[in-house]
>>> print(open('entry14.txt').read())   # compact mmCIF, C-alpha atoms
# COMPACT_ATOMS: atom_id res chain seq x y z
CA MET A 213 127.16 76.24 103.47
CA PRO A 214 123.79 75.55 101.77
CA PRO A 215 120.82 77.39 103.29
CA LEU A 216 118.99 75.76 106.19
CA VAL A 217 115.28 75.26 105.48
CA THR A 218 112.83 75.20 108.38
CA ILE A 219 109.60 73.31 107.74
CA VAL A 220 106.74 73.47 110.25
CA THR A 221 103.79 71.07 110.37
CA PRO A 222 100.77 72.22 112.39
CA SER A 223 98.54 69.33 113.40
CA TYR A 224 95.45 68.51 115.42
CA ASN A 225 93.82 65.05 115.46
CA GLN A 226 95.18 64.12 112.02
CA ALA A 227 96.68 60.74 112.95
CA ARG A 228 95.20 59.20 109.80
CA PHE A 229 97.44 61.34 107.58
CA LEU A 230 100.20 62.72 109.82
CA GLU A 231 102.74 59.93 109.37
CA GLN A 232 102.61 60.23 105.58
CA THR A 233 103.22 63.97 105.84
CA ILE A 234 106.19 63.42 108.15
CA ARG A 235 107.65 60.81 105.82
CA SER A 236 107.33 63.13 102.83
CA VAL A 237 109.42 65.72 104.66
CA LEU A 238 112.04 63.24 105.84
CA ALA A 239 112.31 61.80 102.31
CA GLN A 240 113.52 65.09 100.81
CA ASP A 241 116.71 64.86 98.78
CA TYR A 242 117.90 68.16 100.28
CA PRO A 243 119.80 67.43 103.52
CA HIS A 244 119.74 70.79 105.32
CA ILE A 245 116.25 70.73 106.82
CA GLU A 246 115.08 71.67 110.29
CA TYR A 247 111.71 70.03 110.91
CA ILE A 248 109.28 71.21 113.59
CA ILE A 249 105.85 69.78 114.46
CA VAL A 250 103.36 71.80 116.50
CA ASP A 251 100.43 69.68 117.66
CA GLY A 252 97.38 71.26 119.26
CA GLY A 253 96.91 68.63 121.96
CA SER A 254 95.63 65.74 119.84
CA THR A 255 93.86 62.80 121.46
CA ASP A 256 93.76 60.45 118.44
CA GLY A 257 97.22 58.88 118.60
CA SER A 258 99.04 61.70 116.79
CA VAL A 259 101.48 62.14 119.66
CA ASP A 260 102.56 58.50 119.40
CA ILE A 261 103.29 59.05 115.71
CA ILE A 262 105.30 62.19 116.44
CA ARG A 263 107.33 60.38 119.11
CA LYS A 264 108.11 57.65 116.58
CA TYR A 265 110.01 60.24 114.52
CA GLU A 266 111.27 62.37 117.41
CA GLU A 267 114.96 61.83 116.61
CA HIS A 268 114.46 63.48 113.21
CA LEU A 269 112.76 66.59 114.64
CA ALA A 270 114.41 69.82 115.73
CA TRP A 271 111.52 70.48 118.13
CA TRP A 272 107.95 69.41 118.72
CA VAL A 273 105.19 70.12 121.18
CA SER A 274 101.65 68.93 121.86
CA GLU A 275 99.55 71.43 123.76
CA PRO A 276 96.34 73.40 123.24
CA ASP A 277 96.67 76.41 120.94
CA LYS A 278 94.47 79.00 119.25
CA GLY A 279 94.39 77.20 115.90
CA GLN A 280 96.43 76.50 112.81
CA SER A 281 97.96 79.94 112.29
CA HIS A 282 98.91 80.18 115.97
CA ALA A 283 100.60 76.77 115.76
CA ILE A 284 102.60 77.81 112.69
CA ASN A 285 103.69 81.02 114.41
CA LYS A 286 104.90 78.97 117.38
CA GLY A 287 106.96 76.83 115.05
CA PHE A 288 108.45 79.76 113.15
CA ALA A 289 109.36 81.43 116.44
CA ARG A 290 111.76 78.49 116.98
CA ALA A 291 113.04 78.43 113.40
CA ARG A 292 116.74 78.86 112.63
CA GLY A 293 116.38 78.43 108.88
CA ASP A 294 117.19 80.89 106.11
CA ILE A 295 114.12 79.69 104.19
CA LEU A 296 110.75 78.85 105.75
CA ALA A 297 107.76 76.74 104.77
CA TRP A 298 104.87 74.96 106.38
CA ILE A 299 103.08 71.83 105.25
CA ASN A 300 99.80 70.82 106.80
CA SER A 301 99.38 67.44 108.43
CA ASP A 302 97.40 65.92 105.56
CA ASP A 303 99.48 67.20 102.62
CA LEU A 304 102.62 65.73 101.03
CA TYR A 305 105.80 66.99 99.40
CA THR A 306 107.38 65.51 96.30
CA PRO A 307 110.92 64.30 97.16
CA TYR A 308 112.71 67.11 95.28
CA ALA A 309 110.51 70.06 96.30
CA VAL A 310 112.83 71.59 98.89
CA ARG A 311 115.95 71.21 96.73
CA GLU A 312 114.33 72.95 93.76
CA ALA A 313 112.86 75.75 95.89
CA VAL A 314 116.25 76.45 97.47
CA ALA A 315 117.99 76.42 94.09
CA PHE A 316 115.53 78.95 92.68
CA LEU A 317 115.74 81.32 95.65
CA GLU A 318 119.53 81.10 95.60
CA ALA A 319 119.59 81.95 91.89
CA HIS A 320 117.08 84.82 92.27
CA PRO A 321 117.98 86.84 95.40
CA GLU A 322 115.39 89.50 94.58
CA VAL A 323 112.48 87.03 94.93
CA GLY A 324 110.77 86.86 98.32
CA MET A 325 108.68 83.72 97.77
CA VAL A 326 108.48 80.89 95.27
CA TYR A 327 105.69 78.38 94.67
CA ALA A 328 104.87 75.64 92.19
CA ASP A 329 102.24 73.11 91.12
CA ALA A 330 100.23 70.76 93.31
CA LEU A 331 97.90 67.87 92.62
CA TYR A 332 94.70 67.22 94.55
CA ILE A 333 94.53 63.83 96.28
CA ASP A 334 91.76 62.17 98.28
CA GLU A 335 91.85 60.43 101.67
CA GLU A 336 93.44 57.32 100.17
CA GLY A 337 96.02 59.23 98.15
CA TYR A 338 94.35 58.89 94.75
CA ILE A 339 95.02 61.79 92.40
CA LEU A 340 91.87 63.79 91.66
CA GLY A 341 93.19 66.62 89.53
CA LYS A 342 95.51 69.59 89.37
CA PHE A 343 95.42 72.75 91.45
CA PRO A 344 95.03 75.76 89.10
CA ALA A 345 98.38 77.30 90.01
CA ALA A 346 99.61 80.25 87.95
CA GLN A 347 101.79 83.32 88.21
CA THR A 348 100.21 86.03 90.33
CA ASP A 349 101.33 89.21 92.08
CA TYR A 350 100.09 91.80 94.56
CA ARG A 351 97.76 93.54 92.10
CA ARG A 352 96.17 90.29 90.93
CA MET A 353 95.76 88.92 94.45
CA MET A 354 94.02 92.11 95.46
CA ARG A 355 91.53 91.31 92.70
CA GLY A 356 90.98 87.76 93.99
CA TYR A 357 93.32 85.97 91.59
CA VAL A 358 95.38 83.97 94.08
CA HIS A 359 96.41 80.74 92.25
CA ILE A 360 98.92 79.72 94.96
CA PRO A 361 98.84 76.19 96.40
CA GLN A 362 99.97 76.75 99.98
CA ALA A 363 101.89 73.50 100.38
CA THR A 364 104.31 74.54 97.63
CA THR A 365 105.27 77.92 99.06
CA PHE A 366 108.81 78.67 100.30
CA PHE A 367 109.84 82.14 101.46
CA ARG A 368 112.88 83.79 102.95
CA ALA A 369 113.06 83.98 106.74
CA SER A 370 114.20 87.61 106.47
CA VAL A 371 111.06 88.44 104.50
CA TYR A 372 108.84 86.65 107.02
CA ARG A 373 110.45 88.54 109.91
CA GLU A 374 109.79 91.79 108.05
CA VAL A 375 106.12 91.24 107.14
CA GLY A 376 104.99 88.48 109.55
CA PRO A 377 103.86 86.83 111.69
CA LEU A 378 100.66 85.14 110.57
CA ASP A 379 97.44 86.62 111.86
CA ASP A 380 96.51 84.09 114.55
CA GLU A 381 93.03 85.58 114.83
CA MET A 382 92.32 84.45 111.27
CA PHE A 383 91.38 80.80 110.73
CA TYR A 384 90.97 80.48 106.96
CA ALA A 385 92.76 83.07 104.81
CA PHE A 386 95.85 83.68 106.96
CA ASP A 387 98.01 82.25 104.16
CA TYR A 388 96.49 84.69 101.64
CA ASP A 389 97.12 87.47 104.15
CA LEU A 390 100.82 86.57 104.35
CA TRP A 391 101.20 86.24 100.57
CA VAL A 392 99.65 89.66 100.02
CA ARG A 393 102.03 91.21 102.54
CA ILE A 394 105.03 89.51 100.90
CA ALA A 395 103.95 90.37 97.35
CA ARG A 396 103.42 94.01 98.27
CA LYS A 397 107.17 94.35 98.93
CA TYR A 398 108.88 91.56 97.00
CA PRO A 399 108.47 89.65 93.73
CA ILE A 400 106.90 86.22 94.07
CA ARG A 401 107.43 83.58 91.41
CA TYR A 402 105.60 80.50 90.14
CA LEU A 403 107.47 77.50 88.73
CA PRO A 404 105.67 74.88 86.61
CA ARG A 405 107.04 72.02 88.68
CA LEU A 406 105.15 69.52 90.86
CA TRP A 407 106.10 70.14 94.51
CA ALA A 408 103.17 68.92 96.57
CA TYR A 409 100.00 66.87 96.89
CA PHE A 410 97.10 68.78 98.40
CA ARG A 411 94.64 66.49 100.15
CA ILE A 412 90.95 67.35 99.94
CA HIS A 413 88.04 65.46 101.45
CA LEU A 414 84.59 66.29 102.76
CA HIS A 415 85.91 67.13 106.24
CA SER A 416 88.95 69.13 105.11
CA LYS A 417 88.95 72.84 105.83
CA THR A 418 89.14 73.65 102.12
CA VAL A 419 85.79 71.93 101.52
CA ALA A 420 83.95 72.20 104.81
CA GLY A 421 84.89 75.84 105.40
CA ASP A 422 85.03 77.19 101.87
CA ASP A 423 82.22 79.70 102.54
CA ARG A 424 84.20 81.15 105.47
CA CYS A 425 87.38 81.75 103.47
CA TRP A 426 86.05 84.64 101.41
CA PRO A 427 85.02 86.77 104.44
CA ASP A 428 88.61 86.40 105.69
CA MET A 429 89.95 87.36 102.27
CA TRP A 430 87.67 90.39 102.25
CA ARG A 431 89.10 91.44 105.63
CA VAL A 432 92.62 91.19 104.24
CA TYR A 433 91.66 93.14 101.14
CA ARG A 434 90.07 95.96 103.14
CA ARG A 435 92.99 95.99 105.58
CA GLN A 436 95.26 96.59 102.59
CA GLY A 437 93.17 99.62 101.67
CA GLY A 438 91.13 98.05 98.87
CA PRO A 439 87.95 99.97 97.93
CA VAL A 440 84.50 98.44 98.35
CA LEU A 441 83.49 99.06 94.74
CA SER A 442 85.97 96.85 92.94
CA ILE A 443 86.49 93.52 91.18
CA MET A 444 87.30 91.94 94.54
CA GLY A 445 84.13 93.41 96.01
CA ALA A 446 82.04 91.99 93.18
CA LYS A 447 83.63 88.56 93.60
CA TYR A 448 82.99 88.63 97.33
CA VAL A 449 79.30 89.42 96.86
CA ILE A 450 78.87 86.77 94.16
CA ARG A 451 80.65 84.05 96.16
CA GLN A 452 78.53 84.81 99.22
CA ALA A 453 75.37 84.63 97.12
CA ILE A 454 76.20 81.36 95.37
CA GLY A 455 77.87 79.71 98.38
CA PRO A 456 75.53 76.69 98.57
CA LEU A 457 75.78 76.10 94.81
CA TRP A 458 79.57 76.42 94.94
CA ARG A 459 79.81 73.84 97.77
CA TRP A 460 77.53 71.46 95.88
CA ARG A 461 79.70 71.86 92.75
CA ARG A 462 82.87 71.16 94.74
CA ARG A 463 81.40 68.00 96.24
CA TRP A 464 80.09 66.86 92.85
CA TRP A 465 83.54 67.38 91.32
CA MET A 466 85.20 65.43 94.15
CA GLU A 467 82.87 62.46 93.83
CA ARG A 468 83.24 62.42 90.04
CA ALA A 469 87.04 62.66 90.28
CA ARG A 470 87.19 59.88 92.87
CA ARG A 471 85.21 57.54 90.63
CA ARG A 472 87.65 58.17 87.79
CA ALA A 473 90.87 58.15 89.83
CA THR A 474 93.32 55.35 89.06
CA GLN A 475 96.73 56.68 90.11
CA ARG A 476 97.73 56.65 93.77
CA VAL A 477 100.59 58.56 95.39
CA GLU A 478 103.11 56.30 97.09
CA VAL A 479 104.76 57.83 100.15
CA PRO A 480 108.42 56.84 100.76
CA PRO A 481 109.09 54.48 103.67
CA PRO A 482 110.41 55.86 106.98
CA PRO A 483 114.13 56.68 107.09
>>> encode(input="entry14.txt", output="structure tokens")
Amino acid sequence: MPPLVTIVTPSYNQARFLEQTIRSVLAQDYPHIEYIIVDGGSTDGSVDIIRKYEEHLAWWVSEPDKGQSHAINKGFARARGDILAWINSDDLYTPYAVREAVAFLEAHPEVGMVYADALYIDEEGYILGKFPAAQTDYRRMMRGYVHIPQATTFFRASVYREVGPLDDEMFYAFDYDLWVRIARKYPIRYLPRLWAYFRIHLHSKTVAGDDRCWPDMWRVYRRQGGPVLSIMGAKYVIRQAIGPLWRWRRRWWMERARRRATQRVEVPPPP
């Protein structure tokens, strides 16, 4: 029997994008998927969208929670899958992502997590550029070289149960925290294949909260025993110092990329 894959979508007031995310999961060409949606008590019509696809869901809930990481933990607590993943409520999978991730993990039983390439898209789905994904490992991540697009990550449920759950007191770098814990014990592998579209816009957490991600990463680094005087320490100080300039550069890049964008991602119709 092929492995069951559990995918969790955490969501809160993302009605504008949620249906496209759901459709990208349901359009996968891998049939053994358990899909769970954990909504934080949205008031923008998200619940109506979830109910529209209720028959395709293993479980869903809409109730107040402590944030994104807490919602994902709630979903994984219900998971029956052999392989786990989460995709946020404004991101999209390519139709073959799950199938290829399963095939790789099946062929490489020593690997704890696999990830691939992602493209940045804007609010309307226009492609802005490519996420700088690359092979990394525990040592490199502890030096600040992450290079992992979250929406493309798939990891074994047994590994998650060993090193998890997510830190639900952490709002920004909880994914980095999990990857570090996985990579400390198991190989992680990058595949040069397009598995996801990562949506960025001025109100997305990646842009609006970029300056708050590095303090979380520093907490993870220190919790892993990393010394203060280090490459990671130098990066942390520099990023804190140039935070306003970095945010301006990110916004400038987004506006420039949007003006040049011509290709739009088409999401499959509902099943």
>>> atom_distance(input="entry14.txt", atom1="atom CA of Arg292 of chain A", atom2="atom CA of Glu381 of chain A")
24.7 Å
>>> closest_residue(input="entry14.txt", among="A:Trp460, A:Tyr305, A:Trp465, A:Phe367", to="Met325 of chain A", atoms="only C-alpha atoms")
A:Phe367
>>> closest_residue(input="entry14.txt", among="A:Val220, A:Ile245, A:Ala291, A:Met429", to="Phe386 of chain A", atoms="only C-alpha atoms")
A:Met429
>>> residues_near_point(input="entry14.txt", point="(90.8, 84.0, 93.2)", cutoff="12 Å", atoms="all atoms listed in the file", output="list of chain:residue names")
A:Pro344, A:Ala345, A:Ala346, A:Thr348, A:Asp349, A:Arg351, A:Arg352, A:Met353, A:Met354, A:Arg355, A:Gly356, A:Tyr357, A:Val358, A:His359, A:Ile360, A:Pro361, A:Ala385, A:Tyr388, A:Cys425, A:Trp426, A:Met429, A:Trp430, A:Ile443, A:Met444, A:Gly445, A:Ala446, A:Lys447, A:Tyr448, A:Arg451
>>> atom_distance(input="entry14.txt", atom1="atom CA of Tyr384 of chain A", atom2="atom CA of His282 of chain A")
12.0 Å
>>> closest_residue(input="entry14.txt", among="A:Tyr308, A:Tyr332, A:Thr218, A:Val323", to="Gly287 of chain A", atoms="all atoms listed in the file")
A:Thr218
>>> residues_around(input="entry14.txt", residues="Phe288 of chain A", least_positions_apart="2", cutoff="9 Å", atoms="all atoms listed in the file", output="list in words")
Thr218, Ile219, Val220, Ile248, Ala283, Ile284, Asn285, Lys286, Arg290, Ala291, Arg292, Leu296, Ala297, Ala369 and Pro377 of chain A
>>> write_last_selection(input="entry14.txt", atoms="C-alpha atoms", output="compact mmCIF listing (two decimals), in the coordinates of the input")
# COMPACT_ATOMS: atom_id res chain seq x y z
CA THR A 218 112.83 75.20 108.38
CA ILE A 219 109.60 73.31 107.74
CA VAL A 220 106.74 73.47 110.25
CA ILE A 248 109.28 71.21 113.59
CA ALA A 283 100.60 76.77 115.76
CA ILE A 284 102.60 77.81 112.69
CA ASN A 285 103.69 81.02 114.41
CA LYS A 286 104.90 78.97 117.38
CA ARG A 290 111.76 78.49 116.98
CA ALA A 291 113.04 78.43 113.40
CA ARG A 292 116.74 78.86 112.63
CA LEU A 296 110.75 78.85 105.75
CA ALA A 297 107.76 76.74 104.77
CA ALA A 369 113.06 83.98 106.74
CA PRO A 377 103.86 86.83 111.69
>>> residues_around(input="entry14.txt", residues="Pro276 of chain A", least_positions_apart="3", cutoff="8 Å", atoms="only C-alpha atoms", output="VMD selection string")
chain A and resid 251 to 253
>>> closest_residue(input="entry14.txt", among="A:Ala289, A:Leu406, A:Val310, A:Met382", to="Pro427 of chain A", atoms="all atoms listed in the file")
A:Met382
>>> closest_residue(input="entry14.txt", among="A:Val371, A:Ile333, A:Leu378, A:Leu403", to="Ala469 of chain A", atoms="all atoms listed in the file")
A:Ile333
>>> atom_distance(input="entry14.txt", atom1="atom CA of Trp391 of chain A", atom2="atom CA of Phe316 of chain A")
17.9 Å
>>> residues_around(input="entry14.txt", residues="Ala363 of chain A", least_positions_apart="2", cutoff="12 Å", atoms="all atoms listed in the file", output="number ranges by chain")
A: 219-221, 233, 236-237, 296-306, 309-310, 326-332, 343, 345, 360-361, 365-367, 387, 406-411
>>> build_atoms(input="entry14.txt", residues="segment 438-471 of chain A", atoms="N, CA and C atoms", output="tab-separated table (two decimals), keeping the file's coordinate frame")
chain	number	residue	atom	x	y	z
A	438	GLY	N	91.93	98.26	100.08
A	438	GLY	CA	91.13	98.05	98.87
A	438	GLY	C	89.76	98.68	98.98
A	439	PRO	N	89.27	99.33	97.91
A	439	PRO	CA	87.95	99.97	97.93
A	439	PRO	C	86.82	98.95	97.86
A	440	VAL	N	85.66	99.33	98.35
A	440	VAL	CA	84.50	98.44	98.35
A	440	VAL	C	84.03	98.17	96.93
A	441	LEU	N	83.93	99.22	96.13
A	441	LEU	CA	83.49	99.06	94.74
A	441	LEU	C	84.70	98.67	93.89
A	442	SER	N	84.78	97.38	93.60
A	442	SER	CA	85.97	96.85	92.94
A	442	SER	C	85.67	95.45	92.41
A	443	ILE	N	86.63	94.89	91.65
A	443	ILE	CA	86.49	93.52	91.18
A	443	ILE	C	86.44	92.57	92.37
A	444	MET	N	87.29	92.79	93.36
A	444	MET	CA	87.30	91.94	94.54
A	444	MET	C	85.96	92.04	95.28
A	445	GLY	N	85.42	93.24	95.36
A	445	GLY	CA	84.13	93.41	96.01
A	445	GLY	C	83.02	92.66	95.29
A	446	ALA	N	83.04	92.71	93.96
A	446	ALA	CA	82.04	91.99	93.18
A	446	ALA	C	82.18	90.49	93.38
A	447	LYS	N	83.41	89.99	93.38
A	447	LYS	CA	83.63	88.56	93.60
A	447	LYS	C	83.14	88.13	94.97
A	448	TYR	N	83.40	88.96	95.97
A	448	TYR	CA	82.99	88.63	97.33
A	448	TYR	C	81.47	88.50	97.41
A	449	VAL	N	80.76	89.44	96.82
A	449	VAL	CA	79.30	89.42	96.86
A	449	VAL	C	78.77	88.19	96.12
A	450	ILE	N	79.33	87.91	94.95
A	450	ILE	CA	78.87	86.77	94.16
A	450	ILE	C	79.12	85.46	94.89
A	451	ARG	N	80.33	85.29	95.47
A	451	ARG	CA	80.65	84.05	96.16
A	451	ARG	C	79.76	83.85	97.39
A	452	GLN	N	79.44	84.93	98.08
A	452	GLN	CA	78.53	84.81	99.22
A	452	GLN	C	77.13	84.40	98.76
A	453	ALA	N	76.72	84.92	97.62
A	453	ALA	CA	75.37	84.63	97.12
A	453	ALA	C	75.24	83.20	96.62
A	454	ILE	N	76.29	82.70	95.97
A	454	ILE	CA	76.20	81.36	95.37
A	454	ILE	C	76.91	80.31	96.23
A	455	GLY	N	77.16	80.63	97.49
A	455	GLY	CA	77.87	79.71	98.38
A	455	GLY	C	77.35	78.29	98.37
A	456	PRO	N	76.05	78.07	98.58
A	456	PRO	CA	75.53	76.69	98.57
A	456	PRO	C	75.76	75.98	97.24
A	457	LEU	N	75.56	76.69	96.12
A	457	LEU	CA	75.78	76.10	94.81
A	457	LEU	C	77.25	75.76	94.61
A	458	TRP	N	78.13	76.66	95.07
A	458	TRP	CA	79.57	76.42	94.94
A	458	TRP	C	79.98	75.18	95.73
A	459	ARG	N	79.47	75.01	96.96
A	459	ARG	CA	79.81	73.84	97.77
A	459	ARG	C	79.29	72.57	97.12
A	460	TRP	N	78.08	72.63	96.57
A	460	TRP	CA	77.53	71.46	95.88
A	460	TRP	C	78.41	71.11	94.69
A	461	ARG	N	78.85	72.10	93.92
A	461	ARG	CA	79.70	71.86	92.75
A	461	ARG	C	81.03	71.23	93.17
A	462	ARG	N	81.61	71.72	94.27
A	462	ARG	CA	82.87	71.16	94.74
A	462	ARG	C	82.71	69.69	95.13
A	463	ARG	N	81.63	69.38	95.83
A	463	ARG	CA	81.40	68.00	96.24
A	463	ARG	C	81.11	67.10	95.03
A	464	TRP	N	80.37	67.62	94.07
A	464	TRP	CA	80.09	66.86	92.85
A	464	TRP	C	81.38	66.56	92.11
A	465	TRP	N	82.25	67.58	92.01
A	465	TRP	CA	83.54	67.38	91.32
A	465	TRP	C	84.37	66.34	92.05
A	466	MET	N	84.41	66.38	93.38
A	466	MET	CA	85.20	65.43	94.15
A	466	MET	C	84.71	64.01	93.93
A	467	GLU	N	83.41	63.81	94.01
A	467	GLU	CA	82.87	62.46	93.83
A	467	GLU	C	83.13	61.94	92.41
A	468	ARG	N	82.99	62.81	91.44
A	468	ARG	CA	83.24	62.42	90.04
A	468	ARG	C	84.72	62.07	89.84
A	469	ALA	N	85.60	62.90	90.42
A	469	ALA	CA	87.04	62.66	90.28
A	469	ALA	C	87.46	61.38	90.99
A	470	ARG	N	86.85	61.10	92.12
A	470	ARG	CA	87.19	59.88	92.87
A	470	ARG	C	86.78	58.63	92.09
A	471	ARG	N	85.65	58.69	91.42
A	471	ARG	CA	85.21	57.54	90.63
A	471	ARG	C	86.16	57.27	89.47
